[in-house]
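The structure appears right after this line, and notes come after that.
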Amino acid sequence: MRHLFLAATATLAVVSAAMPATAQDKPASPVLNRIIDEGTNRTQVMTTAQHLTDVIGPRLTNSPAMRRAEAWTQEEFRRYGLVNVHKEAFPFGRGWSIERSSVRMVTPRVVQLTAIPIAWTPATTGALTAPVIVAPIDKERDFAKWRGKLSGKIVMLSAPGTGDEPTDPAFRRLAGDDIAKLDVFQQPSYDPAAADRRLKRLDFAQKLDAFLKAEGAVGFATISYRDGKLVSGEGYQFGVGETPSMPGVQIAAEDYRRLARLSVSGPAPTLEIISDVRFDDSDTNAYNIIAEIPGTDPKAGYVMAGAHLDSWVAADGAADNAAGSAMIMEAARILAATGVRPKRAIRFALWSGEEQGILGSMAYVEQHLARRGSPGDPKQSGMKSYYGFANRWPITPLPGHGDLAAYFNIDNGSGKLRGLYAENNPSVVPIFREWLGPLASMGAGNVVARQTGGTDHVFMQSVGIPGFQFIQDPLDYGSRIHHTSADTFDHLKATDMRQASIVLASVLLSAANADKALPRPPVPTKPVVTDPFAISEDDD
């Protein structure tokens, strides 16, 4: 039987070369062979990723580099032959970029430290030189302990802790047992009190800044949350009028702990901080990039794939998420190059503001799919809109809600795609297994029930859109790459990214040509509290 199947496949491939693509093309048919051929023999996925990382570099939302990325990706989509290529604006805040920075310990000896300015903190005026004080502050009640002690100091706000040596391999691929453990239906949990506590916590950054300023501090430092001389520089005060009053730096854990030990054993060490950073307020809107392969049936709606184009700035934002953006672009290029004419349109999105609260895809939801909350609800922005979104009721679908048949997201590094998460939607499991069957030999034949979160499909799901992520080999994404100064092109795996682009293109075409749209969850209504007997604890 196997020999007969191979012979039949070869015959179909020869016939298909002379046949034009039709609206009924499906990846299980010879069009899959064309996708594989285009995605292997004429691949551009790594050159796309290299341009986004080596040439453009880190793409902090609204930074000059992000503006270059927005323009370049639109040009590429047009070069591929996609239509309706445009950018969609949403309110964001200030642009910010690093020109140069340096952090040194200058007493009791000179040491160049591994450190980075915290995003959206202001510049120093030349070199800022001052002693440090270790003053762990993470709650308002900590203010009283340090009142009157911080004047003229660079305040080390994090508790130093101890070294955290890894016990698991840094680089990992998923085994069959690992994937099997993901096949678990997770009951949803609704805890509005927890969301309220997170919203309250967002005000702490402004209160801390006001306290440090009132106490006469001249700067602050935090510890990197990973060992290994890795830094990330994450910061979230990007809104107009939210900028901290003094410069802040994140210091590598090993260097931070040295400073803390010296502070205990003798006179407090002195730091020299040079932070030459620039704000850009020329356009406070951020932009999502949208492009399409048109469908042949205007009434059939569209399917969509997306990845976030923005990144943090400690490195080049390669695995997070130039890799996903390059895969989205490559899948678009592959499908356009094969000349397929799907029944449903296939829309591609490169999101902005994901790292600051999934704001770009949230804006798309609110512009095209559904509104959450009542018209009289207070307007929320920035991180408050992120934490508050899921607690706004009711959900009001917009006219375009039913047009989006399915959304697929890529945002877990450059590892091979191993299949799809059903995202607690058991009705799609047999459909996904059929779509992925021809891709099983590439390692992508798995379907698991588990729901995933933390990236651009979550707000689609929250308004009743079928939104999905791919199972992906983790490689070293979570152990050392995610958000860090090691997130460079060197850690991207070309064979994995070629495979992923092919799998994505195939799945999108299957979804676009399916006779019926994927089973949809109901539009959510306000649930009851999952644990009505829980006793809330105030974070402060």
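Residues in the structure tokens are numbered from 1 in each chain, the chains being A, B, ... in the order shown, and ligands are numbered from 1 in the order shown.
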
TODO: Would you list, as a PyMOL selection string, the residues of region 63-246 of chain A that end up in strand (DSSP E or B) under DSSP run on this structure's backbone?
DONE: chain A and resi 83-91+95-107+111-112+115-117+127-134+154-156+172+219-223

Please list as a PDB file with N, CA and C atoms, in the first residue's frame every residue within 8 Å of His457 (chain A), counting only C-alpha atoms and excluding residues in the same chain fewer than 4 positions away.
ATOM      1  N   SER A 361      -3.179  43.980  19.300  1.00  0.00           N
ATOM      2  CA  SER A 361      -4.274  43.072  18.950  1.00  0.00           C
ATOM      3  C   SER A 361      -5.547  43.432  19.708  1.00  0.00           C
ATOM      4  N   TYR A 407      -8.244  32.603  13.994  1.00  0.00           N
ATOM      5  CA  TYR A 407      -6.992  33.355  14.130  1.00  0.00           C
ATOM      6  C   TYR A 407      -5.913  32.421  14.667  1.00  0.00           C
ATOM      7  N   PHE A 408      -4.706  32.480  14.062  1.00  0.00           N
ATOM      8  CA  PHE A 408      -3.566  31.649  14.461  1.00  0.00           C
ATOM      9  C   PHE A 408      -2.390  32.557  14.802  1.00  0.00           C
ATOM     10  N   ASN A 409      -1.770  32.301  15.952  1.00  0.00           N
ATOM     11  CA  ASN A 409      -0.726  33.185  16.472  1.00  0.00           C
ATOM     12  C   ASN A 409       0.619  32.462  16.574  1.00  0.00           C
ATOM     13  N   GLY A 453      -2.001  31.377  26.927  1.00  0.00           N
ATOM     14  CA  GLY A 453      -2.278  32.791  27.154  1.00  0.00           C
ATOM     15  C   GLY A 453      -1.040  33.638  26.965  1.00  0.00           C
ATOM     16  N   GLN A 461      -9.929  35.405  21.722  1.00  0.00           N
ATOM     17  CA  GLN A 461     -10.696  34.384  22.428  1.00  0.00           C
ATOM     18  C   GLN A 461     -11.712  35.004  23.381  1.00  0.00           C
ATOM     19  N   GLY A 467      -9.430  31.454  18.436  1.00  0.00           N
ATOM     20  CA  GLY A 467      -8.035  31.888  18.368  1.00  0.00           C
ATOM     21  C   GLY A 467      -7.115  30.813  18.904  1.00  0.00           C
ATOM     22  N   PHE A 468      -6.001  30.580  18.188  1.00  0.00           N
ATOM     23  CA  PHE A 468      -5.167  29.418  18.492  1.00  0.00           C
ATOM     24  C   PHE A 468      -3.685  29.771  18.440  1.00  0.00           C
ATOM     25  N   GLN A 469      -2.910  29.010  19.218  1.00  0.00           N
ATOM     26  CA  GLN A 469      -1.458  29.040  19.125  1.00  0.00           C
ATOM     27  C   GLN A 469      -0.952  27.659  18.712  1.00  0.00           C
TER      28      GLN A 469
END

Open item on the list: So that I can see what lies close to Pro160 (chain A), please list as a PyMOL selection string the residues with an atom at most 10 Å from it, counting only C-alpha atoms and leaving out residues fewer than 5 positions away in the same chain.
Closed with: chain A and resi 134+136+222-224+253-254+256-261

Task: Selected residue, from A:Gly306, A:Gly445, A:Gly353, A:Gly93, that lies nearest to Gly241 (chain A) when counting only C-alpha atoms - done: A:Gly93

Task: Spatial neighbours of Ala69 (chain A), 10 Å, only C-alpha atoms, chain gap at least 3 places, as a list in words - done: His51, Leu52, Thr53, Val55, Ile56, Gly57, Pro58, Arg59, Ser63, Pro64, Ala65, Met66, Trp72, Thr73, Gln74, Glu75, Ile289, Leu309 and Asp310 of chain A

Output of the above residues as a short mmCIF file (atom, residue, chain, number, x, y, z; two decimals), in the first residue's frame, restricted to all heavy atoms:
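As written to disk, out.cif reads:
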data_model
loop_
_atom_site.label_atom_id
_atom_site.label_comp_id
_atom_site.auth_asym_id
_atom_site.auth_seq_id
_atom_site.Cartn_x
_atom_site.Cartn_y
_atom_site.Cartn_z
N HIS A 51 17.14 40.73 8.45
CA HIS A 51 16.93 42.16 8.24
C HIS A 51 16.26 42.79 9.46
O HIS A 51 16.65 43.87 9.91
CB HIS A 51 16.08 42.40 7.00
CG HIS A 51 16.03 43.84 6.59
ND1 HIS A 51 16.91 44.39 5.69
CD2 HIS A 51 15.21 44.86 6.99
CE1 HIS A 51 16.64 45.69 5.55
NE2 HIS A 51 15.61 45.98 6.32
N LEU A 52 15.26 42.09 10.02
CA LEU A 52 14.57 42.63 11.19
C LEU A 52 15.50 42.77 12.39
O LEU A 52 15.32 43.68 13.22
CB LEU A 52 13.38 41.74 11.56
CG LEU A 52 12.16 41.81 10.64
CD1 LEU A 52 11.15 40.73 11.01
CD2 LEU A 52 11.50 43.18 10.69
N THR A 53 16.49 41.89 12.50
CA THR A 53 17.35 41.88 13.69
C THR A 53 18.66 42.62 13.47
O THR A 53 18.95 43.61 14.14
CB THR A 53 17.62 40.44 14.13
OG1 THR A 53 18.16 39.68 13.03
CG2 THR A 53 16.33 39.76 14.59
N VAL A 55 19.76 44.39 10.83
CA VAL A 55 19.69 45.68 10.12
C VAL A 55 18.83 46.68 10.90
O VAL A 55 19.28 47.78 11.22
CB VAL A 55 19.15 45.49 8.68
CG1 VAL A 55 19.04 46.84 7.97
CG2 VAL A 55 20.05 44.54 7.89
N ILE A 56 17.59 46.30 11.22
CA ILE A 56 16.70 47.21 11.95
C ILE A 56 16.97 47.18 13.44
O ILE A 56 17.05 48.22 14.09
CB ILE A 56 15.23 46.87 11.64
CG1 ILE A 56 14.92 47.15 10.16
CG2 ILE A 56 14.29 47.68 12.55
CD1 ILE A 56 13.52 46.76 9.74
N GLY A 57 17.15 46.00 14.01
CA GLY A 57 17.49 45.89 15.42
C GLY A 57 16.28 45.87 16.32
O GLY A 57 15.16 45.58 15.89
N PRO A 58 16.48 46.16 17.62
CA PRO A 58 15.36 46.08 18.57
C PRO A 58 14.26 47.06 18.21
O PRO A 58 14.52 48.19 17.81
CB PRO A 58 16.02 46.45 19.91
CG PRO A 58 17.25 47.21 19.55
CD PRO A 58 17.72 46.64 18.26
N ARG A 59 13.01 46.61 18.37
CA ARG A 59 11.86 47.35 17.86
C ARG A 59 10.89 47.69 18.99
O ARG A 59 9.76 47.19 19.04
CB ARG A 59 11.17 46.52 16.76
CG ARG A 59 12.12 46.16 15.62
CD ARG A 59 11.60 45.03 14.76
NE ARG A 59 11.28 43.84 15.50
CZ ARG A 59 12.17 42.97 15.96
NH1 ARG A 59 13.48 43.14 15.72
NH2 ARG A 59 11.79 41.92 16.65
N SER A 63 9.43 53.39 18.83
CA SER A 63 10.82 53.84 18.68
C SER A 63 11.13 54.10 17.21
O SER A 63 10.41 53.63 16.31
CB SER A 63 11.77 52.77 19.22
OG SER A 63 11.72 51.60 18.39
N PRO A 64 12.21 54.82 16.91
CA PRO A 64 12.59 55.02 15.50
C PRO A 64 12.80 53.69 14.76
O PRO A 64 12.43 53.59 13.59
CB PRO A 64 13.89 55.82 15.61
CG PRO A 64 13.75 56.58 16.89
CD PRO A 64 13.04 55.64 17.82
N ALA A 65 13.36 52.69 15.44
CA ALA A 65 13.56 51.39 14.77
C ALA A 65 12.23 50.73 14.46
O ALA A 65 12.07 50.10 13.40
CB ALA A 65 14.42 50.48 15.65
N MET A 66 11.26 50.87 15.35
CA MET A 66 9.95 50.28 15.07
C MET A 66 9.30 50.97 13.87
O MET A 66 8.64 50.31 13.05
CB MET A 66 9.05 50.38 16.30
CG MET A 66 7.70 49.69 16.14
SD MET A 66 7.85 47.93 15.77
CE MET A 66 6.14 47.41 15.98
N TRP A 72 9.24 48.91 6.38
CA TRP A 72 9.88 47.84 5.61
C TRP A 72 8.96 46.64 5.44
O TRP A 72 8.88 46.06 4.35
CB TRP A 72 11.18 47.41 6.30
CG TRP A 72 11.92 46.37 5.53
CD1 TRP A 72 12.69 46.53 4.41
CD2 TRP A 72 11.94 44.96 5.82
NE1 TRP A 72 13.19 45.32 3.98
CE2 TRP A 72 12.75 44.34 4.84
CE3 TRP A 72 11.38 44.17 6.81
CZ2 TRP A 72 13.00 42.97 4.82
CZ3 TRP A 72 11.62 42.80 6.80
CH2 TRP A 72 12.42 42.22 5.80
N THR A 73 8.24 46.25 6.48
CA THR A 73 7.36 45.08 6.36
C THR A 73 6.23 45.35 5.38
O THR A 73 5.82 44.44 4.64
CB THR A 73 6.81 44.68 7.73
OG1 THR A 73 6.22 45.82 8.38
CG2 THR A 73 7.92 44.12 8.63
N GLN A 74 5.72 46.56 5.34
CA GLN A 74 4.70 46.88 4.34
C GLN A 74 5.26 46.77 2.93
O GLN A 74 4.60 46.23 2.02
CB GLN A 74 4.16 48.29 4.57
CG GLN A 74 3.29 48.44 5.81
CD GLN A 74 2.81 49.86 6.01
OE1 GLN A 74 1.82 50.28 5.41
NE2 GLN A 74 3.52 50.62 6.84
N GLU A 75 6.47 47.26 2.73
CA GLU A 75 7.10 47.14 1.41
C GLU A 75 7.27 45.67 1.01
O GLU A 75 7.04 45.30 -0.15
CB GLU A 75 8.48 47.82 1.43
CG GLU A 75 8.43 49.33 1.57
CD GLU A 75 9.81 49.93 1.79
OE1 GLU A 75 10.80 49.14 1.80
OE2 GLU A 75 9.90 51.15 1.97
N ILE A 289 0.41 46.35 11.36
CA ILE A 289 0.58 46.20 9.92
C ILE A 289 -0.32 45.07 9.44
O ILE A 289 -0.28 43.96 9.97
CB ILE A 289 2.05 45.90 9.56
CG1 ILE A 289 2.99 46.94 10.18
CG2 ILE A 289 2.22 45.82 8.05
CD1 ILE A 289 2.68 48.37 9.80
N LEU A 309 5.42 42.37 16.16
CA LEU A 309 6.62 42.91 15.54
C LEU A 309 7.49 43.65 16.55
O LEU A 309 8.70 43.77 16.35
CB LEU A 309 6.22 43.85 14.40
CG LEU A 309 7.30 44.46 13.52
CD1 LEU A 309 8.14 43.39 12.83
CD2 LEU A 309 6.67 45.40 12.49
N ASP A 310 6.90 44.14 17.61
CA ASP A 310 7.67 44.91 18.60
C ASP A 310 8.52 43.99 19.46
O ASP A 310 8.28 42.77 19.52
CB ASP A 310 6.72 45.73 19.47
CG ASP A 310 5.80 44.85 20.32
OD1 ASP A 310 5.03 44.07 19.73
OD2 ASP A 310 5.84 44.95 21.56
#

Dump as a Markdown table the rows for residues of region 259-297 of chain A within 12 Å of region 502-514 of chain A: closest atom pair and distance in Å with one decimal, only C-alpha atoms counted, ordered by chain and rising residue number.
| residue | atom | partner | partner_atom | distance |
| --- | --- | --- | --- | --- |
| A:Ile293 | CA | A:Ala512 | CA | 10.4 |
| A:Pro294 | CA | A:Ala512 | CA | 10.4 |
| A:Gly295 | CA | A:Ala512 | CA | 8.2 |
| A:Thr296 | CA | A:Asn513 | CA | 10.0 |
| A:Asp297 | CA | A:Asn513 | CA | 10.1 |

Go ahead and write the selection's residues with N, CA, C and O atoms as a PDB file, in the first residue's frame.
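After the write, again_33.pdb holds the following:
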ATOM      1  N   ILE A 293      -4.197  38.127   1.333  1.00  0.00           N
ATOM      2  CA  ILE A 293      -4.408  37.381   0.093  1.00  0.00           C
ATOM      3  C   ILE A 293      -5.919  37.312  -0.087  1.00  0.00           C
ATOM      4  O   ILE A 293      -6.627  36.809   0.795  1.00  0.00           O
ATOM      5  N   PRO A 294      -6.462  37.833  -1.172  1.00  0.00           N
ATOM      6  CA  PRO A 294      -7.924  37.923  -1.288  1.00  0.00           C
ATOM      7  C   PRO A 294      -8.576  36.556  -1.432  1.00  0.00           C
ATOM      8  O   PRO A 294      -7.978  35.601  -1.922  1.00  0.00           O
ATOM      9  N   GLY A 295      -9.817  36.474  -0.998  1.00  0.00           N
ATOM     10  CA  GLY A 295     -10.593  35.255  -1.160  1.00  0.00           C
ATOM     11  C   GLY A 295     -11.508  35.340  -2.364  1.00  0.00           C
ATOM     12  O   GLY A 295     -11.800  36.422  -2.878  1.00  0.00           O
ATOM     13  N   THR A 296     -11.973  34.203  -2.814  1.00  0.00           N
ATOM     14  CA  THR A 296     -12.848  34.168  -3.982  1.00  0.00           C
ATOM     15  C   THR A 296     -14.321  34.284  -3.615  1.00  0.00           C
ATOM     16  O   THR A 296     -15.154  34.531  -4.479  1.00  0.00           O
ATOM     17  N   ASP A 297     -14.663  34.077  -2.331  1.00  0.00           N
ATOM     18  CA  ASP A 297     -16.054  34.158  -1.887  1.00  0.00           C
ATOM     19  C   ASP A 297     -16.184  35.298  -0.886  1.00  0.00           C
ATOM     20  O   ASP A 297     -15.832  35.144   0.289  1.00  0.00           O
TER      21      ASP A 297
END

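Every protein, DNA or RNA residue with an atom at most 8 Å from Pro269 (chain A), where only C-alpha atoms count and chain neighbours fewer than 4 positions away do not, is listed here: Met105, Val106, Thr107, Pro108, Pro131, Val132, Leu259, Leu262 and Ser263 of chain A.
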
Open item on the list: DSSP on the backbone, alpha helix (DSSP H) only: what residues of region 303-448 of chain A does that give? Format it as JSON, numbers by chain.
Closed with: {"A": [323, 324, 325, 326, 327, 328, 329, 330, 331, 332, 333, 334, 335, 336, 337, 338, 359, 360, 361, 362, 363, 364, 382, 383, 384, 385, 386, 387, 388, 389, 429, 430, 431, 432, 433, 434, 435, 436]}

What would the file look like if the residues just selected were written as a compact mmCIF listing (two decimals), in the first residue's frame with C-alpha atoms?
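Saved file part-v8.txt follows:
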# COMPACT_ATOMS: atom_id res chain seq x y z
CA ALA A 323 11.11 34.85 14.41
CA GLY A 324 7.31 34.81 14.54
CA SER A 325 7.06 37.91 12.35
CA ALA A 326 9.36 36.34 9.77
CA MET A 327 7.29 33.13 9.79
CA ILE A 328 4.09 35.12 9.23
CA MET A 329 5.71 37.02 6.36
CA GLU A 330 7.18 33.85 4.87
CA ALA A 331 3.84 32.03 4.99
CA ALA A 332 2.31 34.99 3.18
CA ARG A 333 5.09 34.94 0.59
CA ILE A 334 4.78 31.17 0.07
CA LEU A 335 1.03 31.28 -0.48
CA ALA A 336 1.27 34.28 -2.78
CA ALA A 337 4.07 32.63 -4.79
CA THR A 338 2.10 29.41 -5.27
CA LEU A 359 -2.29 46.49 23.08
CA GLY A 360 -2.09 46.13 19.28
CA SER A 361 -4.27 43.07 18.95
CA MET A 362 -6.60 44.49 21.62
CA ALA A 363 -7.00 47.57 19.42
CA TYR A 364 -7.82 45.32 16.44
CA GLY A 382 -1.98 51.33 28.59
CA MET A 383 -1.50 48.50 31.07
CA LYS A 384 -4.78 49.39 32.80
CA SER A 385 -6.65 48.53 29.62
CA TYR A 386 -4.81 45.17 29.53
CA TYR A 387 -5.70 44.19 33.09
CA GLY A 388 -9.21 45.61 32.86
CA PHE A 389 -10.25 44.23 29.47
CA VAL A 429 -9.76 18.62 17.59
CA PRO A 430 -10.82 16.22 14.78
CA ILE A 431 -10.63 19.04 12.23
CA PHE A 432 -7.10 20.03 13.24
CA ARG A 433 -6.00 16.40 13.17
CA GLU A 434 -7.22 16.11 9.60
CA TRP A 435 -5.42 19.31 8.57
CA LEU A 436 -2.19 18.31 10.27

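CA of Ala440 (chain A) to CA of Asn321 (chain A) spans 25.4 Å [interatomic distance, one decimal].
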
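Between CA of Gly95 (chain A) and CA of Ile118 (chain A) the separation is 13.5 Å.
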
Counting only C-alpha atoms, what is within 10 Å of Pro519 (chain A), bar same-chain residues fewer than 4 positions away, as an mmCIF file with N, CA, C and O atoms, in the first residue's frame?
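What ended up in out_34.cif:
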data_model
loop_
_atom_site.group_PDB
_atom_site.id
_atom_site.type_symbol
_atom_site.label_atom_id
_atom_site.label_comp_id
_atom_site.auth_asym_id
_atom_site.auth_seq_id
_atom_site.Cartn_x
_atom_site.Cartn_y
_atom_site.Cartn_z
ATOM 1 N N ALA A 405 -13.068 33.883 10.728
ATOM 2 C CA ALA A 405 -13.368 32.461 10.944
ATOM 3 C C ALA A 405 -12.393 31.801 11.903
ATOM 4 O O ALA A 405 -12.754 30.860 12.607
ATOM 5 N N ALA A 406 -11.138 32.254 11.936
ATOM 6 C CA ALA A 406 -10.141 31.667 12.834
ATOM 7 C C ALA A 406 -8.909 32.551 12.833
ATOM 8 O O ALA A 406 -8.567 33.166 11.817
ATOM 9 N N ASN A 425 -11.231 24.219 23.083
ATOM 10 C CA ASN A 425 -12.324 24.110 22.117
ATOM 11 C C ASN A 425 -12.297 22.691 21.546
ATOM 12 O O ASN A 425 -11.730 22.447 20.488
ATOM 13 N N PRO A 426 -12.885 21.719 22.237
ATOM 14 C CA PRO A 426 -12.768 20.321 21.808
ATOM 15 C C PRO A 426 -13.370 20.044 20.444
ATOM 16 O O PRO A 426 -12.991 19.074 19.785
ATOM 17 N N SER A 427 -14.270 20.883 19.985
ATOM 18 C CA SER A 427 -14.911 20.642 18.698
ATOM 19 C C SER A 427 -13.940 20.760 17.526
ATOM 20 O O SER A 427 -14.207 20.218 16.441
ATOM 21 N N VAL A 428 -12.837 21.465 17.708
ATOM 22 C CA VAL A 428 -11.899 21.625 16.595
ATOM 23 C C VAL A 428 -10.884 20.493 16.519
ATOM 24 O O VAL A 428 -10.145 20.394 15.531
ATOM 25 N N ILE A 431 -10.918 18.238 13.418
ATOM 26 C CA ILE A 431 -10.635 19.042 12.226
ATOM 27 C C ILE A 431 -9.146 19.330 12.132
ATOM 28 O O ILE A 431 -8.513 19.166 11.077
ATOM 29 N N ILE A 465 -13.958 34.664 19.460
ATOM 30 C CA ILE A 465 -13.317 34.325 18.182
ATOM 31 C C ILE A 465 -12.477 33.061 18.381
ATOM 32 O O ILE A 465 -11.755 32.946 19.375
ATOM 33 N N PRO A 466 -12.522 32.091 17.459
ATOM 34 C CA PRO A 466 -11.645 30.924 17.574
ATOM 35 C C PRO A 466 -10.190 31.353 17.353
ATOM 36 O O PRO A 466 -9.774 31.633 16.230
#

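Checking A:Ala159, A:Leu350, A:Ala119, A:Val523 one by one against Lys87 (chain A), counting only C-alpha atoms, you find the shortest gap at A:Leu350.
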
Which residues of region 98-171 of chain A come within 12 Å of region 182-205 of chain A, and for each one, what is the closest pair of atoms and their distance in Å to one decimal, counting only C-alpha atoms, sorted by chain and residue number, as a tab-separated table?
residue	atom	partner	partner_atom	distance
A:Thr121	CA	A:Ala205	CA	11.8
A:Ile137	CA	A:Phe204	CA	10.5
A:Asp138	CA	A:Phe204	CA	8.3
A:Lys139	CA	A:Phe204	CA	7.5
A:Glu140	CA	A:Phe204	CA	7.3
A:Arg141	CA	A:Phe204	CA	11.0
A:Asp142	CA	A:Phe204	CA	11.6
A:Phe143	CA	A:Phe204	CA	11.3
A:Leu157	CA	A:Ala205	CA	11.8

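For the choices A:Pro375, A:Gly339, A:Gly454, A:Gly301, the atom-to-atom distance to Gly402 (chain A) is smallest for A:Gly301 when using only C-alpha atoms.
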